[in-house]
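Here's the structure we're looking at; comments come further down.
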Amino acid sequence: MNRFVYLDHSATTPVDQKVLEAMLPFFSMDFGNPNSLHTWGRKARQAVDQARDEVSRLINAEPSEIIFTGGGSEADNIAIKGVAFAKKDKGRHIITSAIEHHAVLDTCKWLEKEGFDITILPVDEYGTIRPEELRKAIRPDTILVTIHFANNEIGTVQPIEQLGNICREQGVLFHTDAVQAAGHISIDVKKLPIDLMTMAAHKMYGPKGVGALYIKKGVKIVPLIHGGGQERGLRSGTENTAGIVGFGKAAALASDRLAKDETEKERNLRDRLIDGILEKIEDAMLTGHRTERLPFHASFCFRYIEGESLLLRLDALGIGASSGSACTSGSLEPSHVLLAIGLPHEIAHGSLRLTLGKDTSEEDIDYVLENLPKVVESLRAMSPYGKRG
Amino acid sequence: MYTEKLMQLFMNPKNVGRIEDADGIGEVGNPVCGDVMKIYLKIEDDRIVDVKFETFGCAAAIATSSMVTELVKGKTIEEALKVSNKDVAEALGGLPPQKVHCSLLAEEGIKAAVDDYLAKKDKTKREASETRQCAKA
Ligand SMILES: Cc1ncc(COP(=O)(O)O)c(C=O)c1O
Ligand code: FES
């Protein structure tokens with residue numbers, strides 16, 4: 001029983017071997033500063049340029065529309081604060097949703113303290129933002145709408161096209177945090193009405209601490225980090241060459257997988273996992289949307305048990321999972337996402353997220369389907385509420 | 001973040017379950033994070049002869065439940081009431097700060113069960129004396 005099944009790819013993914021190989025030369029051998037004019041520098045510059053091409057191709061953007069950042073959170077901050085500061089004389093109203101990542105929500109809340117006005121849109125029971133709610137919320141002084149592409153906790157994919165179209169009609173900029181979606185769902189920014197989009201390498205088999213912000217040509221933002229003027233002056237600082245090269249390679253590999261429809265395999269395994277769990281375990285519910293969800297994402301609530309004990313018991317069996325239960329959060333509050341979709345505290349308590357990866361196998365899923373019901377049962381046997389045999 | 005001792009007890013907790021003819025039952029809820037612990041006591045001559053628990057909560061809650069049942073088993077109710085959440089945490093080799101409230105649940109669970117026992121005992125005593133009085137009359 002020495003199987004290790006990592007099912008927490010929404011938290012982070014392993015760096016692909018090919019990505020690692022692409023990165024390695026840029027630490028000691030081709031270590032030059034991309035801003036230097038000599039051979040060493042030019043080599044690094046070329047590598048950064050190539051990575052920018054690869055990342056832009058993943059979403060059908062122009063290379064000049066991509067800036068590299070120090071991760072997803074940073075890209076979210078640059079987008080939201082960058083637009084807010086650039087447009088503050090036009091208006092100070094920003095719209096977001098109740099189930100955004102904290103990198104977005106807390107940025108908006110901080111701006112609120114700085115004198116901006118924030119509207120937080122509610123979501124339905126599946127975590128979907130209703131386009132009509134957005135339409136109602138837009139005002140003459142609205143400068144930005146920031147709504148994520150897909151949710152990290154419950155996997156729901158938003159009706160991005162409809163939401164973006166409303167923003168276009170109203171002349172409001174639309175930012176989407178696509179950290180969970182990019183590399184896993186085909187995204188074409190030429191077809192979708194998106195003005196700014198956040199991505200992170202480590203959710204698509206690239207390294208941590210590297211992200212990118214797509215900024216549509218013509219969209220003006222104010223930089224947060226001033227200095228040497230790198231990344232078109234929007235993110236100063238010597239480029240993280242190796243990390244950026246890794247992101248480029250990861251994006252290129254993700255483009256290949258999407259072109260070959262390889263996510264279909266992941267989707268099928270995910271469906272087997274969801275169906276198997278709902279069939280084998282009583283009083284279990286899927287959280288998020290059943291079909292409009294990330295292809296690798298499964299998330300549940302099990303009644304009468306608590307998520308932290310569930311995930312630690314699974315960990316002891318070699319299964320890596322996560323939970324949004326109150327006991328797993330530093331604040332001892334259930335996740336804001338689970339509450340926003342209307343789950344009562346005691347049900348949110350039993351939340352479990354299982355997120356598959358490109359290398360997850362049939363056997364891995366079998367192993368989880370064999371062991372998870374036993375773990376749930378053993379914890380329920382301990383619970384004052386559980387069904388007893 | 002958890003000690004090995006705590007993880008051991010979490011994986012293999014002692015005294016899980018219920019006592020059908022318990023003399024005292026205490027159910028306490030954790031207002032902080034929403035967990036619930038239920039303690040069952042079997043008491044003879046004011047001494048805890050058996051104790052079981054059911055817990056809906058985190059690993060720390062389960063391990064502290066298990067530990068507190070072990071600490072009070074065999075003790076008189078007076079001694080049991082002196083077992084504090086600190087004792088439980090110490091016996092587990094310490095708790096992470098954000099998990100200290102879970103050990104409070106353990107302390108309160110025992111107190112609630114003992115209270116329940118004392119209240120029941122009081123009631124039976126009163127009922128007994130009432131029946132005696134009736135018989136006299
Ligand atoms: C939706 C979403 N946005 C933003 C982030 C933050 O990305 P990073 O950890 O790269 O800063 C995450 C990562 O967990 C995420 O899932
Ligand atoms: S019981 Fe919730 S944190 Fe321990």
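Chain labels follow the order of the structure tokens: the first chain is A, the next B, and so on; residue numbering restarts at 1 in every chain, and ligands are counted from 1 in their shown order.
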Within 9 Å of B:Val100 using only C-alpha atoms, minus same-chain residues under 5 positions, as a list in words: Ala60, Asn85, Lys86, Ala89, Gly94 and Leu95 of chain B
Please save all heavy atoms of the selected residues as a PDB file, in the first residue's frame.
```
ATOM      1  N   ALA B  60      -6.817  17.724  15.868  1.00  0.00           N
ATOM      2  CA  ALA B  60      -6.525  18.109  17.254  1.00  0.00           C
ATOM      3  C   ALA B  60      -7.726  17.825  18.142  1.00  0.00           C
ATOM      4  O   ALA B  60      -7.575  17.379  19.282  1.00  0.00           O
ATOM      5  CB  ALA B  60      -6.155  19.585  17.326  1.00  0.00           C
ATOM      6  N   ASN B  85      -7.598  21.860  30.131  1.00  0.00           N
ATOM      7  CA  ASN B  85      -7.174  21.743  28.733  1.00  0.00           C
ATOM      8  C   ASN B  85      -5.655  21.810  28.617  1.00  0.00           C
ATOM      9  O   ASN B  85      -5.067  21.243  27.716  1.00  0.00           O
ATOM     10  CB  ASN B  85      -7.856  22.811  27.864  1.00  0.00           C
ATOM     11  CG  ASN B  85      -7.265  24.184  28.051  1.00  0.00           C
ATOM     12  OD1 ASN B  85      -7.120  24.649  29.170  1.00  0.00           O
ATOM     13  ND2 ASN B  85      -6.907  24.812  26.946  1.00  0.00           N
ATOM     14  N   LYS B  86      -5.027  22.470  29.582  1.00  0.00           N
ATOM     15  CA  LYS B  86      -3.556  22.524  29.592  1.00  0.00           C
ATOM     16  C   LYS B  86      -2.971  21.136  29.797  1.00  0.00           C
ATOM     17  O   LYS B  86      -2.002  20.759  29.142  1.00  0.00           O
ATOM     18  CB  LYS B  86      -3.085  23.437  30.727  1.00  0.00           C
ATOM     19  CG  LYS B  86      -2.833  24.848  30.313  1.00  0.00           C
ATOM     20  CD  LYS B  86      -1.768  25.458  31.237  1.00  0.00           C
ATOM     21  CE  LYS B  86      -1.627  26.934  30.964  1.00  0.00           C
ATOM     22  NZ  LYS B  86      -2.011  27.770  32.119  1.00  0.00           N
ATOM     23  N   ALA B  89      -3.296  19.262  26.574  1.00  0.00           N
ATOM     24  CA  ALA B  89      -2.329  19.728  25.581  1.00  0.00           C
ATOM     25  C   ALA B  89      -0.923  19.245  25.930  1.00  0.00           C
ATOM     26  O   ALA B  89      -0.183  18.778  25.068  1.00  0.00           O
ATOM     27  CB  ALA B  89      -2.366  21.244  25.488  1.00  0.00           C
ATOM     28  N   GLY B  94       2.035  19.263  23.397  1.00  0.00           N
ATOM     29  CA  GLY B  94       1.807  20.636  22.913  1.00  0.00           C
ATOM     30  C   GLY B  94       0.873  20.688  21.724  1.00  0.00           C
ATOM     31  O   GLY B  94       0.680  19.694  21.016  1.00  0.00           O
ATOM     32  N   LEU B  95       0.285  21.874  21.542  1.00  0.00           N
ATOM     33  CA  LEU B  95      -0.646  22.095  20.434  1.00  0.00           C
ATOM     34  C   LEU B  95      -0.247  23.368  19.695  1.00  0.00           C
ATOM     35  O   LEU B  95       0.213  24.321  20.320  1.00  0.00           O
ATOM     36  CB  LEU B  95      -2.066  22.301  20.973  1.00  0.00           C
ATOM     37  CG  LEU B  95      -2.873  21.078  21.392  1.00  0.00           C
ATOM     38  CD1 LEU B  95      -4.150  21.527  22.091  1.00  0.00           C
ATOM     39  CD2 LEU B  95      -3.205  20.204  20.200  1.00  0.00           C
TER      40      LEU B  95
END
```
Backbone-only DSSP, alpha helix (DSSP H) members of stretch 40-196 of chain A, as an NGL selection string: :A and (40-58 or 72-87 or 102-113 or 131-137 or 160-170)
Shortest interatomic distance to chain A - which of B:Ala22, B:Ile77, B:Pro96, B:Val83, counting only C-alpha atoms: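 Selected residue with least distance to chain A: B:Pro96.
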Selection within 8 Å of ligand 1 by only C-alpha atoms and all ligand atoms, output as a count of residues only: 35
Tell me the residues of chain B close to chain A, meaning within 9 Å using only C-alpha atoms, as an mmCIF file with C-alpha atoms, in the first residue's frame.
```cif
data_model
loop_
_atom_site.group_PDB
_atom_site.id
_atom_site.type_symbol
_atom_site.label_atom_id
_atom_site.label_comp_id
_atom_site.auth_asym_id
_atom_site.auth_seq_id
_atom_site.Cartn_x
_atom_site.Cartn_y
_atom_site.Cartn_z
ATOM 1 C CA PHE B 10 -5.587 10.973 15.807
ATOM 2 C CA MET B 11 -4.888 7.938 13.641
ATOM 3 C CA VAL B 16 -14.244 6.027 20.554
ATOM 4 C CA GLY B 17 -17.954 5.325 20.589
ATOM 5 C CA ARG B 18 -20.874 5.610 22.914
ATOM 6 C CA VAL B 32 -15.003 29.141 17.143
ATOM 7 C CA CYS B 33 -14.989 26.685 14.293
ATOM 8 C CA GLY B 34 -18.185 24.693 14.685
ATOM 9 C CA ASP B 35 -16.936 21.377 16.033
ATOM 10 C CA VAL B 36 -18.882 19.148 18.372
ATOM 11 C CA MET B 37 -17.739 16.717 21.026
ATOM 12 C CA LYS B 38 -19.865 14.276 22.941
ATOM 13 C CA PHE B 53 -16.355 10.004 23.046
ATOM 14 C CA GLU B 54 -17.692 11.025 19.675
ATOM 15 C CA THR B 55 -16.176 14.023 17.937
ATOM 16 C CA PHE B 56 -16.960 15.972 14.812
ATOM 17 C CA GLY B 57 -13.824 18.005 14.332
ATOM 18 C CA CYS B 58 -10.225 18.393 13.340
ATOM 19 C CA ALA B 59 -7.303 16.121 14.090
ATOM 20 C CA ALA B 60 -6.525 18.109 17.254
ATOM 21 C CA ILE B 62 -10.090 14.041 17.898
ATOM 22 C CA GLN B 98 -4.610 28.041 16.601
ATOM 23 C CA LYS B 99 -5.600 24.616 17.934
#
```
A:Pro207 environment, 12 Å, only C-alpha atoms, sequence neighbours closer than 3 positions dropped, as a ChimeraX atom specification: /A:12-24,70-72,200-204,210-211,240-251
For A:His9: contacts at 6 Å, only C-alpha atoms, fewer than 4 positions along chain excluded, given as an MDAnalysis selection string: chainID A and resid 13 355:357
Can you write out the residues you just picked, keeping N, CA, C and O atoms, as an mmCIF file, in the first residue's frame?
```
data_model
loop_
_atom_site.group_PDB
_atom_site.id
_atom_site.type_symbol
_atom_site.label_atom_id
_atom_site.label_comp_id
_atom_site.auth_asym_id
_atom_site.auth_seq_id
_atom_site.Cartn_x
_atom_site.Cartn_y
_atom_site.Cartn_z
ATOM 1 N N THR A 13 1.469 22.378 -9.205
ATOM 2 C CA THR A 13 1.789 21.190 -9.994
ATOM 3 C C THR A 13 3.287 20.936 -9.929
ATOM 4 O O THR A 13 4.067 21.862 -9.675
ATOM 5 N N THR A 355 -7.832 17.458 -6.947
ATOM 6 C CA THR A 355 -7.568 18.015 -8.269
ATOM 7 C C THR A 355 -6.499 17.185 -8.973
ATOM 8 O O THR A 355 -5.389 17.006 -8.469
ATOM 9 N N LEU A 356 -6.876 16.665 -10.125
ATOM 10 C CA LEU A 356 -6.050 15.720 -10.860
ATOM 11 C C LEU A 356 -4.977 16.434 -11.671
ATOM 12 O O LEU A 356 -5.067 17.636 -11.916
ATOM 13 N N GLY A 357 -4.012 15.648 -12.115
ATOM 14 C CA GLY A 357 -2.956 16.187 -12.956
ATOM 15 C C GLY A 357 -2.852 15.408 -14.248
ATOM 16 O O GLY A 357 -3.536 14.389 -14.423
#
```
Which of chain B DSSP labels strand (DSSP E or B), written as a list in words: Val16, Gly24, Ile25, Gly26, Glu27, Val28, Gly29, Val36, Met37, Lys38, Ile39, Tyr40, Leu41, Lys42, Ile43, Glu44, Arg47, Ile48, Val49, Asp50, Val51, Lys52, Phe53, Glu54, Thr55, Phe56 and Thr76 of chain B
